[in-house]
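K.L.:
Pasting start_15.pdb below, which is PDB, N, CA and C atoms.
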MODEL        1
ATOM      1  N   MET H 251       6.143  -0.814   7.672
ATOM      2  CA  MET H 251       4.941  -0.039   7.896
ATOM      3  C   MET H 251       5.256   1.106   8.847
ATOM      4  N   LEU H 252       4.576   2.228   8.631
ATOM      5  CA  LEU H 252       4.655   3.312   9.596
ATOM      6  C   LEU H 252       3.269   3.877   9.816
ATOM      7  N   THR H 253       3.056   4.356  11.027
ATOM      8  CA  THR H 253       1.743   4.871  11.419
ATOM      9  C   THR H 253       1.900   6.284  11.939
ATOM     10  N   ILE H 254       1.016   7.146  11.463
ATOM     11  CA  ILE H 254       0.980   8.536  11.886
ATOM     12  C   ILE H 254      -0.285   8.722  12.718
ATOM     13  N   LEU H 255      -0.136   9.295  13.905
ATOM     14  CA  LEU H 255      -1.285   9.668  14.729
ATOM     15  C   LEU H 255      -1.397  11.176  14.684
ATOM     16  N   ILE H 256      -2.533  11.671  14.228
ATOM     17  CA  ILE H 256      -2.761  13.111  14.170
ATOM     18  C   ILE H 256      -3.965  13.431  15.043
ATOM     19  N   ARG H 257      -3.727  14.245  16.047
ATOM     20  CA  ARG H 257      -4.821  14.698  16.910
ATOM     21  C   ARG H 257      -5.186  16.104  16.461
ATOM     22  N   TYR H 258      -6.400  16.236  15.937
ATOM     23  CA  TYR H 258      -6.923  17.535  15.541
ATOM     24  C   TYR H 258      -7.715  18.104  16.707
ATOM     25  N   GLN H 259      -7.470  19.361  17.011
ATOM     26  CA  GLN H 259      -8.167  20.045  18.099
ATOM     27  C   GLN H 259      -8.819  21.296  17.526
ATOM     28  N   GLY H 260     -10.104  21.474  17.827
ATOM     29  CA  GLY H 260     -10.813  22.639  17.331
ATOM     30  C   GLY H 260     -11.730  23.214  18.391
ATOM     31  N   LYS H 261     -12.651  24.049  17.921
ATOM     32  CA  LYS H 261     -13.653  24.663  18.799
ATOM     33  C   LYS H 261     -14.988  24.658  18.084
ATOM     34  N   GLY H 262     -16.061  24.673  18.859
ATOM     35  CA  GLY H 262     -17.400  24.790  18.290
ATOM     36  C   GLY H 262     -17.797  23.652  17.369
ATOM     37  N   GLY H 263     -17.261  22.452  17.612
ATOM     38  CA  GLY H 263     -17.609  21.305  16.778
ATOM     39  C   GLY H 263     -16.848  21.214  15.476
ATOM     40  N   GLY H 264     -15.827  22.038  15.313
ATOM     41  CA  GLY H 264     -15.069  22.073  14.059
ATOM     42  C   GLY H 264     -14.394  20.761  13.704
ATOM     43  N   ALA H 265     -13.886  20.040  14.694
ATOM     44  CA  ALA H 265     -13.192  18.784  14.409
ATOM     45  C   ALA H 265     -14.142  17.763  13.787
ATOM     46  N   ARG H 266     -15.330  17.671  14.342
ATOM     47  CA  ARG H 266     -16.307  16.719  13.794
ATOM     48  C   ARG H 266     -16.812  17.151  12.422
ATOM     49  N   ARG H 267     -17.003  18.453  12.232
ATOM     50  CA  ARG H 267     -17.439  18.936  10.915
ATOM     51  C   ARG H 267     -16.349  18.707   9.871
ATOM     52  N   PHE H 268     -15.086  18.854  10.273
ATOM     53  CA  PHE H 268     -13.953  18.569   9.393
ATOM     54  C   PHE H 268     -14.019  17.118   8.908
ATOM     55  N   VAL H 269     -14.182  16.183   9.848
ATOM     56  CA  VAL H 269     -14.244  14.768   9.491
ATOM     57  C   VAL H 269     -15.436  14.504   8.575
ATOM     58  N   ASN H 270     -16.584  15.058   8.903
ATOM     59  CA  ASN H 270     -17.768  14.852   8.057
ATOM     60  C   ASN H 270     -17.530  15.349   6.641
ATOM     61  N   GLU H 271     -16.872  16.490   6.508
ATOM     62  CA  GLU H 271     -16.610  17.020   5.165
ATOM     63  C   GLU H 271     -15.528  16.220   4.442
ATOM     64  N   MET H 272     -14.549  15.717   5.181
ATOM     65  CA  MET H 272     -13.529  14.851   4.571
ATOM     66  C   MET H 272     -14.191  13.600   3.983
ATOM     67  N   ILE H 273     -15.162  13.066   4.703
ATOM     68  CA  ILE H 273     -15.851  11.855   4.238
ATOM     69  C   ILE H 273     -16.822  12.184   3.109
ATOM     70  N   SER H 274     -17.700  13.158   3.326
ATOM     71  CA  SER H 274     -18.724  13.473   2.317
ATOM     72  C   SER H 274     -18.121  14.023   1.030
ATOM     73  N   GLY H 275     -16.980  14.689   1.125
ATOM     74  CA  GLY H 275     -16.325  15.231  -0.053
ATOM     75  C   GLY H 275     -15.492  14.220  -0.826
ATOM     76  N   GLY H 276     -15.404  12.997  -0.305
ATOM     77  CA  GLY H 276     -14.681  11.940  -1.011
ATOM     78  C   GLY H 276     -13.192  11.895  -0.750
ATOM     79  N   VAL H 277     -12.682  12.794   0.076
ATOM     80  CA  VAL H 277     -11.236  12.835   0.331
ATOM     81  C   VAL H 277     -10.774  11.548   1.010
ATOM     82  N   VAL H 278     -11.521  11.100   2.004
ATOM     83  CA  VAL H 278     -11.134   9.892   2.739
ATOM     84  C   VAL H 278     -11.080   8.684   1.813
ATOM     85  N   SER H 279     -12.082   8.505   0.982
ATOM     86  CA  SER H 279     -12.082   7.339   0.090
ATOM     87  C   SER H 279     -10.930   7.410  -0.914
ATOM     88  N   LYS H 280     -10.576   8.599  -1.371
ATOM     89  CA  LYS H 280      -9.433   8.737  -2.287
ATOM     90  C   LYS H 280      -8.140   8.349  -1.603
ATOM     91  N   ILE H 281      -7.962   8.781  -0.362
ATOM     92  CA  ILE H 281      -6.742   8.445   0.377
ATOM     93  C   ILE H 281      -6.659   6.939   0.590
ATOM     94  N   ARG H 282      -7.771   6.324   0.953
ATOM     95  CA  ARG H 282      -7.777   4.879   1.199
ATOM     96  C   ARG H 282      -7.456   4.071  -0.064
ATOM     97  N   GLN H 283      -7.667   4.673  -1.234
ATOM     98  CA  GLN H 283      -7.371   3.992  -2.496
ATOM     99  C   GLN H 283      -5.938   4.221  -2.975
ATOM    100  N   GLU H 284      -5.209   5.085  -2.302
ATOM    101  CA  GLU H 284      -3.836   5.375  -2.717
ATOM    102  C   GLU H 284      -2.941   4.149  -2.539
ATOM    103  N   GLU H 285      -2.004   4.014  -3.457
ATOM    104  CA  GLU H 285      -1.000   2.964  -3.369
ATOM    105  C   GLU H 285      -0.219   3.137  -2.066
ATOM    106  N   GLY H 286      -0.164   2.094  -1.268
ATOM    107  CA  GLY H 286       0.621   2.136  -0.036
ATOM    108  C   GLY H 286      -0.151   2.529   1.206
ATOM    109  N   ASN H 287      -1.400   2.981   1.055
ATOM    110  CA  ASN H 287      -2.182   3.304   2.251
ATOM    111  C   ASN H 287      -2.730   2.023   2.851
ATOM    112  N   LEU H 288      -2.501   1.833   4.135
ATOM    113  CA  LEU H 288      -2.951   0.629   4.831
ATOM    114  C   LEU H 288      -4.124   0.893   5.768
ATOM    115  N   ARG H 289      -4.225   2.139   6.249
ATOM    116  CA  ARG H 289      -5.292   2.458   7.204
ATOM    117  C   ARG H 289      -5.476   3.968   7.246
ATOM    118  N   TYR H 290      -6.729   4.380   7.272
ATOM    119  CA  TYR H 290      -7.056   5.792   7.406
ATOM    120  C   TYR H 290      -8.380   5.856   8.140
ATOM    121  N   GLU H 291      -8.328   6.045   9.470
ATOM    122  CA  GLU H 291      -9.526   5.997  10.299
ATOM    123  C   GLU H 291      -9.525   7.117  11.330
ATOM    124  N   TYR H 292     -10.709   7.653  11.562
ATOM    125  CA  TYR H 292     -10.890   8.689  12.582
ATOM    126  C   TYR H 292     -11.529   8.087  13.827
ATOM    127  N   PHE H 293     -11.121   8.609  14.990
ATOM    128  CA  PHE H 293     -11.679   8.189  16.272
ATOM    129  C   PHE H 293     -11.977   9.431  17.100
ATOM    130  N   PHE H 294     -13.101   9.390  17.801
ATOM    131  CA  PHE H 294     -13.502  10.516  18.635
ATOM    132  C   PHE H 294     -13.372  10.140  20.108
ATOM    133  N   PRO H 295     -12.644  10.931  20.897
ATOM    134  CA  PRO H 295     -12.536  10.648  22.330
ATOM    135  C   PRO H 295     -13.885  10.825  23.025
ATOM    136  N   ILE H 296     -14.151   9.995  23.990
ATOM    137  CA  ILE H 296     -15.406  10.060  24.737
ATOM    138  C   ILE H 296     -15.510  11.350  25.534
ATOM    139  N   ASP H 297     -14.379  11.827  26.044
ATOM    140  CA  ASP H 297     -14.404  12.957  26.978
ATOM    141  C   ASP H 297     -13.987  14.299  26.378
ATOM    142  N   ASN H 298     -13.895  14.379  25.045
ATOM    143  CA  ASN H 298     -13.475  15.641  24.429
ATOM    144  C   ASN H 298     -14.152  15.787  23.067
ATOM    145  N   GLU H 299     -15.237  16.524  23.021
ATOM    146  CA  GLU H 299     -15.984  16.677  21.773
ATOM    147  C   GLU H 299     -15.306  17.597  20.766
ATOM    148  N   GLU H 300     -14.256  18.266  21.175
ATOM    149  CA  GLU H 300     -13.561  19.202  20.284
ATOM    150  C   GLU H 300     -12.284  18.602  19.689
ATOM    151  N   SER H 301     -12.156  17.294  19.764
ATOM    152  CA  SER H 301     -10.945  16.629  19.308
ATOM    153  C   SER H 301     -11.295  15.414  18.462
ATOM    154  N   VAL H 302     -10.408  15.062  17.558
ATOM    155  CA  VAL H 302     -10.529  13.836  16.773
ATOM    156  C   VAL H 302      -9.118  13.298  16.551
ATOM    157  N   LEU H 303      -9.003  11.974  16.557
ATOM    158  CA  LEU H 303      -7.726  11.316  16.315
ATOM    159  C   LEU H 303      -7.782  10.607  14.975
ATOM    160  N   LEU H 304      -6.790  10.865  14.134
ATOM    161  CA  LEU H 304      -6.643  10.166  12.866
ATOM    162  C   LEU H 304      -5.519   9.146  13.007
ATOM    163  N   VAL H 305      -5.811   7.894  12.672
ATOM    164  CA  VAL H 305      -4.794   6.847  12.592
ATOM    165  C   VAL H 305      -4.574   6.590  11.108
ATOM    166  N   ASP H 306      -3.367   6.886  10.651
ATOM    167  CA  ASP H 306      -3.029   6.895   9.227
ATOM    168  C   ASP H 306      -1.785   6.020   9.046
ATOM    169  N   SER H 307      -1.938   4.853   8.405
ATOM    170  CA  SER H 307      -0.808   3.932   8.242
ATOM    171  C   SER H 307      -0.448   3.758   6.774
ATOM    172  N   TRP H 308       0.853   3.642   6.539
ATOM    173  CA  TRP H 308       1.385   3.532   5.189
ATOM    174  C   TRP H 308       2.387   2.395   5.099
ATOM    175  N   LYS H 309       2.519   1.858   3.905
ATOM    176  CA  LYS H 309       3.440   0.734   3.667
ATOM    177  C   LYS H 309       4.866   1.116   4.040
ATOM    178  N   ASN H 310       5.262   2.339   3.686
ATOM    179  CA  ASN H 310       6.620   2.803   3.967
ATOM    180  C   ASN H 310       6.668   4.329   3.821
ATOM    181  N   GLN H 311       7.813   4.903   4.103
ATOM    182  CA  GLN H 311       7.982   6.357   4.035
ATOM    183  C   GLN H 311       7.790   6.870   2.612
ATOM    184  N   GLU H 312       8.211   6.096   1.630
ATOM    185  CA  GLU H 312       8.069   6.516   0.235
ATOM    186  C   GLU H 312       6.599   6.690  -0.146
ATOM    187  N   ALA H 313       5.748   5.779   0.306
ATOM    188  CA  ALA H 313       4.308   5.890   0.019
ATOM    189  C   ALA H 313       3.731   7.140   0.677
ATOM    190  N   LEU H 314       4.151   7.421   1.897
ATOM    191  CA  LEU H 314       3.687   8.633   2.582
ATOM    192  C   LEU H 314       4.184   9.881   1.860
ATOM    193  N   ASP H 315       5.428   9.868   1.416
ATOM    194  CA  ASP H 315       5.971  11.011   0.676
ATOM    195  C   ASP H 315       5.182  11.271  -0.601
ATOM    196  N   GLU H 316       4.804  10.212  -1.308
ATOM    197  CA  GLU H 316       4.000  10.361  -2.526
ATOM    198  C   GLU H 316       2.620  10.943  -2.194
ATOM    199  N   HIS H 317       2.042  10.497  -1.118
ATOM    200  CA  HIS H 317       0.753  11.034  -0.661
ATOM    201  C   HIS H 317       0.855  12.539  -0.421
ATOM    202  N   HIS H 318       1.932  12.956   0.214
ATOM    203  CA  HIS H 318       2.111  14.378   0.532
ATOM    204  C   HIS H 318       2.302  15.251  -0.704
ATOM    205  N   LYS H 319       2.658  14.664  -1.834
ATOM    206  CA  LYS H 319       2.861  15.421  -3.081
ATOM    207  C   LYS H 319       1.553  15.661  -3.846
ATOM    208  N   LEU H 320       0.500  14.946  -3.484
ATOM    209  CA  LEU H 320      -0.744  15.012  -4.256
ATOM    210  C   LEU H 320      -1.498  16.324  -4.040
ATOM    211  N   PRO H 321      -2.217  16.795  -5.067
ATOM    212  CA  PRO H 321      -3.056  17.988  -4.923
ATOM    213  C   PRO H 321      -4.117  17.832  -3.832
ATOM    214  N   LEU H 322      -4.473  16.603  -3.512
ATOM    215  CA  LEU H 322      -5.431  16.310  -2.456
ATOM    216  C   LEU H 322      -5.003  16.924  -1.119
ATOM    217  N   MET H 323      -3.708  17.058  -0.911
ATOM    218  CA  MET H 323      -3.206  17.654   0.325
ATOM    219  C   MET H 323      -3.648  19.112   0.452
ATOM    220  N   ASP H 324      -3.810  19.803  -0.676
ATOM    221  CA  ASP H 324      -4.312  21.185  -0.637
ATOM    222  C   ASP H 324      -5.751  21.229  -0.133
ATOM    223  N   ASP H 325      -6.552  20.217  -0.519
ATOM    224  CA  ASP H 325      -7.936  20.133  -0.034
ATOM    225  C   ASP H 325      -7.961  19.927   1.478
ATOM    226  N   ILE H 326      -7.090  19.058   1.967
ATOM    227  CA  ILE H 326      -7.028  18.792   3.407
ATOM    228  C   ILE H 326      -6.590  20.046   4.157
ATOM    229  N   LYS H 327      -5.586  20.722   3.636
ATOM    230  CA  LYS H 327      -5.104  21.956   4.272
ATOM    231  C   LYS H 327      -6.216  23.011   4.309
ATOM    232  N   ARG H 328      -6.942  23.145   3.226
ATOM    233  CA  ARG H 328      -8.036  24.115   3.155
ATOM    234  C   ARG H 328      -9.096  23.810   4.223
ATOM    235  N   LEU H 329      -9.431  22.524   4.375
ATOM    236  CA  LEU H 329     -10.425  22.145   5.381
ATOM    237  C   LEU H 329      -9.910  22.372   6.802
ATOM    238  N   ARG H 330      -8.650  22.092   7.046
ATOM    239  CA  ARG H 330      -8.081  22.357   8.376
ATOM    240  C   ARG H 330      -8.171  23.836   8.709
ATOM    241  N   GLU H 331      -7.890  24.674   7.727
ATOM    242  CA  GLU H 331      -7.970  26.119   7.945
ATOM    243  C   GLU H 331      -9.420  26.567   8.092
ATOM    244  N   LYS H 332     -10.316  26.012   7.290
ATOM    245  CA  LYS H 332     -11.738  26.360   7.358
ATOM    246  C   LYS H 332     -12.285  26.135   8.760
ATOM    247  N   TYR H 333     -11.885  25.027   9.389
ATOM    248  CA  TYR H 333     -12.393  24.688  10.724
ATOM    249  C   TYR H 333     -11.417  25.083  11.836
ATOM    250  N   ASP H 334     -10.362  25.821  11.479
ATOM    251  CA  ASP H 334      -9.379  26.342  12.442
ATOM    252  C   ASP H 334      -8.869  25.244  13.374
ATOM    253  N   LEU H 335      -8.433  24.148  12.776
ATOM    254  CA  LEU H 335      -7.941  23.013  13.553
ATOM    255  C   LEU H 335      -6.441  23.123  13.783
ATOM    256  N   HIS H 336      -6.033  22.717  14.960
ATOM    257  CA  HIS H 336      -4.617  22.649  15.310
ATOM    258  C   HIS H 336      -4.264  21.181  15.503
ATOM    259  N   MET H 337      -3.004  20.848  15.261
ATOM    260  CA  MET H 337      -2.614  19.447  15.176
ATOM    261  C   MET H 337      -1.462  19.108  16.109
ATOM    262  N   GLU H 338      -1.514  17.891  16.634
ATOM    263  CA  GLU H 338      -0.373  17.248  17.279
ATOM    264  C   GLU H 338      -0.111  15.989  16.460
ATOM    265  N   VAL H 339       1.144  15.755  16.096
ATOM    266  CA  VAL H 339       1.468  14.644  15.207
ATOM    267  C   VAL H 339       2.542  13.767  15.840
ATOM    268  N   GLU H 340       2.320  12.466  15.777
ATOM    269  CA  GLU H 340       3.300  11.475  16.228
ATOM    270  C   GLU H 340       3.456  10.435  15.129
ATOM    271  N   LYS H 341       4.672   9.946  14.949
ATOM    272  CA  LYS H 341       4.956   8.974  13.902
ATOM    273  C   LYS H 341       5.635   7.754  14.527
ATOM    274  N   TYR H 342       5.127   6.562  14.167
ATOM    275  CA  TYR H 342       5.627   5.321  14.751
ATOM    276  C   TYR H 342       5.935   4.294  13.676
ATOM    277  N   GLU H 343       6.972   3.517  13.933
ATOM    278  CA  GLU H 343       7.232   2.309  13.173
ATOM    279  C   GLU H 343       7.094   1.172  14.168
ATOM    280  N   PRO H 344       6.098   0.309  13.984
ATOM    281  CA  PRO H 344       5.851  -0.724  14.979
ATOM    282  C   PRO H 344       7.006  -1.707  15.095
ATOM    283  N   ILE H 345       7.340  -1.988  16.322
ATOM    284  CA  ILE H 345       8.363  -2.984  16.609
ATOM    285  C   ILE H 345       7.766  -3.935  17.646
ATOM    286  N   VAL H 346       7.594  -5.166  17.255
ATOM    287  CA  VAL H 346       7.107  -6.180  18.175
ATOM    288  C   VAL H 346       8.148  -7.292  18.188
ATOM    289  N   ASP H 347       8.712  -7.541  19.350
ATOM    290  CA  ASP H 347       9.688  -8.617  19.444
ATOM    291  C   ASP H 347       9.096  -9.772  20.250
ATOM    292  N   ASP H 348       9.887 -10.795  20.475
ATOM    293  CA  ASP H 348       9.408 -11.991  21.173
ATOM    294  C   ASP H 348       8.880 -11.675  22.567
ATOM    295  N   LYS H 349       9.475 -10.701  23.244
ATOM    296  CA  LYS H 349       9.021 -10.342  24.591
ATOM    297  C   LYS H 349       7.610  -9.742  24.543
ATOM    298  N   ASP H 350       7.305  -8.974  23.510
ATOM    299  CA  ASP H 350       5.980  -8.363  23.368
ATOM    300  C   ASP H 350       4.941  -9.367  22.871
ATOM    301  N   GLU H 351       5.349 -10.252  22.035
ATOM    302  CA  GLU H 351       4.437 -11.153  21.356
ATOM    303  C   GLU H 351       3.588 -11.971  22.328
ATOM    304  N   ARG H 352       4.119 -12.322  23.472
ATOM    305  CA  ARG H 352       3.368 -13.147  24.427
ATOM    306  C   ARG H 352       2.169 -12.402  25.035
ATOM    307  N   PHE H 353       2.125 -11.066  24.905
ATOM    308  CA  PHE H 353       1.025 -10.272  25.444
ATOM    309  C   PHE H 353      -0.042  -9.945  24.392
ATOM    310  N   ILE H 354       0.183 -10.387  23.163
ATOM    311  CA  ILE H 354      -0.717 -10.045  22.061
ATOM    312  C   ILE H 354      -1.584 -11.251  21.720
ATOM    313  N   ARG H 355      -2.874 -11.032  21.759
ATOM    314  CA  ARG H 355      -3.808 -12.095  21.373
ATOM    315  C   ARG H 355      -4.206 -11.858  19.931
ATOM    316  N   ARG H 356      -3.910 -12.794  19.087
ATOM    317  CA  ARG H 356      -4.205 -12.658  17.659
ATOM    318  C   ARG H 356      -5.372 -13.540  17.276
TER     319      ARG H 356
ENDMDL
END
With the file now loaded, output its structure as structure tokens.

P.N.:
Amino acid sequence: MLTILIRYQGKGGGARRFVNEMISGGVVSKIRQEEGNLRYEYFFPIDNEESVLLVDSWKNQEALDEHHKLPLMDDIKRLREKYDLHMEVEKYEPIVDDKDERFIRR
């Protein structure tokens, strides 16, 4: 599994309008139905109304690569430009070993 964290930053409420249009336009539901998508969720920081965090998880790099090839990516790019959003991106592959496991409540 790999997880991508994308922080979108905008102005004038653009980040929230972007998310609303992603949801109302059906883009989010299409992504969640893609083969290999494990999680696609937006979170809004309490102290920054001009920002949104996307947590996007995939089965593997191949599934993410296939996602990036879809025409749907053009819709996402268009919306990012429409709302003049800028991005910070981080990519993680979770590693939990025995030392970490004792701190995790399941």

K.L.:
Of the residues H:Asp324, H:Leu329, H:Asn287, H:Val346, which is the one nearest to H:Met272, using only N, CA and C atoms?

P.N.:
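Of H:Asp324, H:Leu329, H:Asn287, H:Val346, the one nearest H:Met272 is H:Leu329, counting only N, CA and C atoms.
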
K.L.:
Pick out each residue of chain H that DSSP on the backbone tags as alpha helix (DSSP H); I need them as a PyMOL selection string.

P.N.:
chain H and resi 264-274+277-282+311-319+322-332+348-351

K.L.:
Run through the PyMOL selection byres ((chain H and resi 307-316) around 5) on the given coordinates and return the selected residues as a compact mmCIF listing (two decimals) with N, CA and C atoms, in the frame of the given file.

P.N.:
# COMPACT_ATOMS: atom_id res chain seq x y z
N MET H 251 6.14 -0.81 7.67
CA MET H 251 4.94 -0.04 7.90
C MET H 251 5.26 1.11 8.85
N LEU H 252 4.58 2.23 8.63
CA LEU H 252 4.66 3.31 9.60
C LEU H 252 3.27 3.88 9.82
N THR H 253 3.06 4.36 11.03
CA THR H 253 1.74 4.87 11.42
C THR H 253 1.90 6.28 11.94
N ILE H 254 1.02 7.15 11.46
CA ILE H 254 0.98 8.54 11.89
C ILE H 254 -0.28 8.72 12.72
N GLY H 286 -0.16 2.09 -1.27
CA GLY H 286 0.62 2.14 -0.04
C GLY H 286 -0.15 2.53 1.21
N ASN H 287 -1.40 2.98 1.06
CA ASN H 287 -2.18 3.30 2.25
C ASN H 287 -2.73 2.02 2.85
N LEU H 288 -2.50 1.83 4.14
CA LEU H 288 -2.95 0.63 4.83
C LEU H 288 -4.12 0.89 5.77
N ARG H 289 -4.22 2.14 6.25
CA ARG H 289 -5.29 2.46 7.20
C ARG H 289 -5.48 3.97 7.25
N TYR H 290 -6.73 4.38 7.27
CA TYR H 290 -7.06 5.79 7.41
C TYR H 290 -8.38 5.86 8.14
N VAL H 305 -5.81 7.89 12.67
CA VAL H 305 -4.79 6.85 12.59
C VAL H 305 -4.57 6.59 11.11
N ASP H 306 -3.37 6.89 10.65
CA ASP H 306 -3.03 6.90 9.23
C ASP H 306 -1.78 6.02 9.05
N HIS H 317 2.04 10.50 -1.12
CA HIS H 317 0.75 11.03 -0.66
C HIS H 317 0.86 12.54 -0.42
N HIS H 318 1.93 12.96 0.21
CA HIS H 318 2.11 14.38 0.53
C HIS H 318 2.30 15.25 -0.70
N LYS H 319 2.66 14.66 -1.83
CA LYS H 319 2.86 15.42 -3.08
C LYS H 319 1.55 15.66 -3.85
N LEU H 320 0.50 14.95 -3.48
CA LEU H 320 -0.74 15.01 -4.26
C LEU H 320 -1.50 16.32 -4.04

K.L.:
Please return as a PyMOL selection string: the residues of stretch 252-356 of chain H that backbone DSSP assigns to strand (DSSP E or B).

P.N.:
chain H and resi 252-259+287-293+301-308+336-342

K.L.:
Selection from above, N, CA and C atoms, as a compact mmCIF listing (two decimals), in the coordinates of the input, can you write it?

P.N.:
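The resulting file, selection_11.txt, is reproduced below:
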# COMPACT_ATOMS: atom_id res chain seq x y z
N LEU H 252 4.58 2.23 8.63
CA LEU H 252 4.66 3.31 9.60
C LEU H 252 3.27 3.88 9.82
N THR H 253 3.06 4.36 11.03
CA THR H 253 1.74 4.87 11.42
C THR H 253 1.90 6.28 11.94
N ILE H 254 1.02 7.15 11.46
CA ILE H 254 0.98 8.54 11.89
C ILE H 254 -0.28 8.72 12.72
N LEU H 255 -0.14 9.30 13.90
CA LEU H 255 -1.28 9.67 14.73
C LEU H 255 -1.40 11.18 14.68
N ILE H 256 -2.53 11.67 14.23
CA ILE H 256 -2.76 13.11 14.17
C ILE H 256 -3.96 13.43 15.04
N ARG H 257 -3.73 14.24 16.05
CA ARG H 257 -4.82 14.70 16.91
C ARG H 257 -5.19 16.10 16.46
N TYR H 258 -6.40 16.24 15.94
CA TYR H 258 -6.92 17.54 15.54
C TYR H 258 -7.72 18.10 16.71
N GLN H 259 -7.47 19.36 17.01
CA GLN H 259 -8.17 20.05 18.10
C GLN H 259 -8.82 21.30 17.53
N ASN H 287 -1.40 2.98 1.06
CA ASN H 287 -2.18 3.30 2.25
C ASN H 287 -2.73 2.02 2.85
N LEU H 288 -2.50 1.83 4.14
CA LEU H 288 -2.95 0.63 4.83
C LEU H 288 -4.12 0.89 5.77
N ARG H 289 -4.22 2.14 6.25
CA ARG H 289 -5.29 2.46 7.20
C ARG H 289 -5.48 3.97 7.25
N TYR H 290 -6.73 4.38 7.27
CA TYR H 290 -7.06 5.79 7.41
C TYR H 290 -8.38 5.86 8.14
N GLU H 291 -8.33 6.04 9.47
CA GLU H 291 -9.53 6.00 10.30
C GLU H 291 -9.52 7.12 11.33
N TYR H 292 -10.71 7.65 11.56
CA TYR H 292 -10.89 8.69 12.58
C TYR H 292 -11.53 8.09 13.83
N PHE H 293 -11.12 8.61 14.99
CA PHE H 293 -11.68 8.19 16.27
C PHE H 293 -11.98 9.43 17.10
N SER H 301 -12.16 17.29 19.76
CA SER H 301 -10.94 16.63 19.31
C SER H 301 -11.30 15.41 18.46
N VAL H 302 -10.41 15.06 17.56
CA VAL H 302 -10.53 13.84 16.77
C VAL H 302 -9.12 13.30 16.55
N LEU H 303 -9.00 11.97 16.56
CA LEU H 303 -7.73 11.32 16.32
C LEU H 303 -7.78 10.61 14.98
N LEU H 304 -6.79 10.86 14.13
CA LEU H 304 -6.64 10.17 12.87
C LEU H 304 -5.52 9.15 13.01
N VAL H 305 -5.81 7.89 12.67
CA VAL H 305 -4.79 6.85 12.59
C VAL H 305 -4.57 6.59 11.11
N ASP H 306 -3.37 6.89 10.65
CA ASP H 306 -3.03 6.90 9.23
C ASP H 306 -1.78 6.02 9.05
N SER H 307 -1.94 4.85 8.40
CA SER H 307 -0.81 3.93 8.24
C SER H 307 -0.45 3.76 6.77
N TRP H 308 0.85 3.64 6.54
CA TRP H 308 1.38 3.53 5.19
C TRP H 308 2.39 2.40 5.10
N HIS H 336 -6.03 22.72 14.96
CA HIS H 336 -4.62 22.65 15.31
C HIS H 336 -4.26 21.18 15.50
N MET H 337 -3.00 20.85 15.26
CA MET H 337 -2.61 19.45 15.18
C MET H 337 -1.46 19.11 16.11
N GLU H 338 -1.51 17.89 16.63
CA GLU H 338 -0.37 17.25 17.28
C GLU H 338 -0.11 15.99 16.46
N VAL H 339 1.14 15.76 16.10
CA VAL H 339 1.47 14.64 15.21
C VAL H 339 2.54 13.77 15.84
N GLU H 340 2.32 12.47 15.78
CA GLU H 340 3.30 11.48 16.23
C GLU H 340 3.46 10.44 15.13
N LYS H 341 4.67 9.95 14.95
CA LYS H 341 4.96 8.97 13.90
C LYS H 341 5.64 7.75 14.53
N TYR H 342 5.13 6.56 14.17
CA TYR H 342 5.63 5.32 14.75
C TYR H 342 5.94 4.29 13.68

K.L.:
Point out the residue among H:Ile326, H:Ala265, H:Leu255, H:Leu335 with the least atom-to-atom distance to H:Val277, counting only C-alpha atoms.

P.N.:
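Comparing H:Ile326, H:Ala265, H:Leu255, H:Leu335 against H:Val277, the winner is H:Ile326.
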
K.L.:
Return as a ChimeraX atom specification the set of residues that the PyMOL selection byres (((chain H and resi 264 and name CA) around 12) and name CA) yields on the displayed structure.

P.N.:
/H:258-263,265-271,299-302,329-336

K.L.:
Could you state the separation of atom CA of H:Lys280 and atom CA of H:Leu322 in Å, given to one decimal place?

P.N.:
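Distance between the two atoms: 8.6 Å.
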
K.L.:
How many Å lie between atom CA of H:Pro295 and atom CA of H:Val339, rounded to one decimal?

P.N.:
16.2 Å

K.L.:
How many Å separate atom N of H:Ile256 from atom N of H:Glu343?

P.N.:
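Atom N of H:Ile256 sits 12.5 Å away from atom N of H:Glu343.
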
K.L.:
Would you mind telling me which residue in H:Gly276, H:Asp297, H:Arg257, H:Glu285 lies nearest to H:Met337 when using only C-alpha atoms?

P.N.:
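That would be H:Arg257, the residue with the smallest distance to H:Met337.
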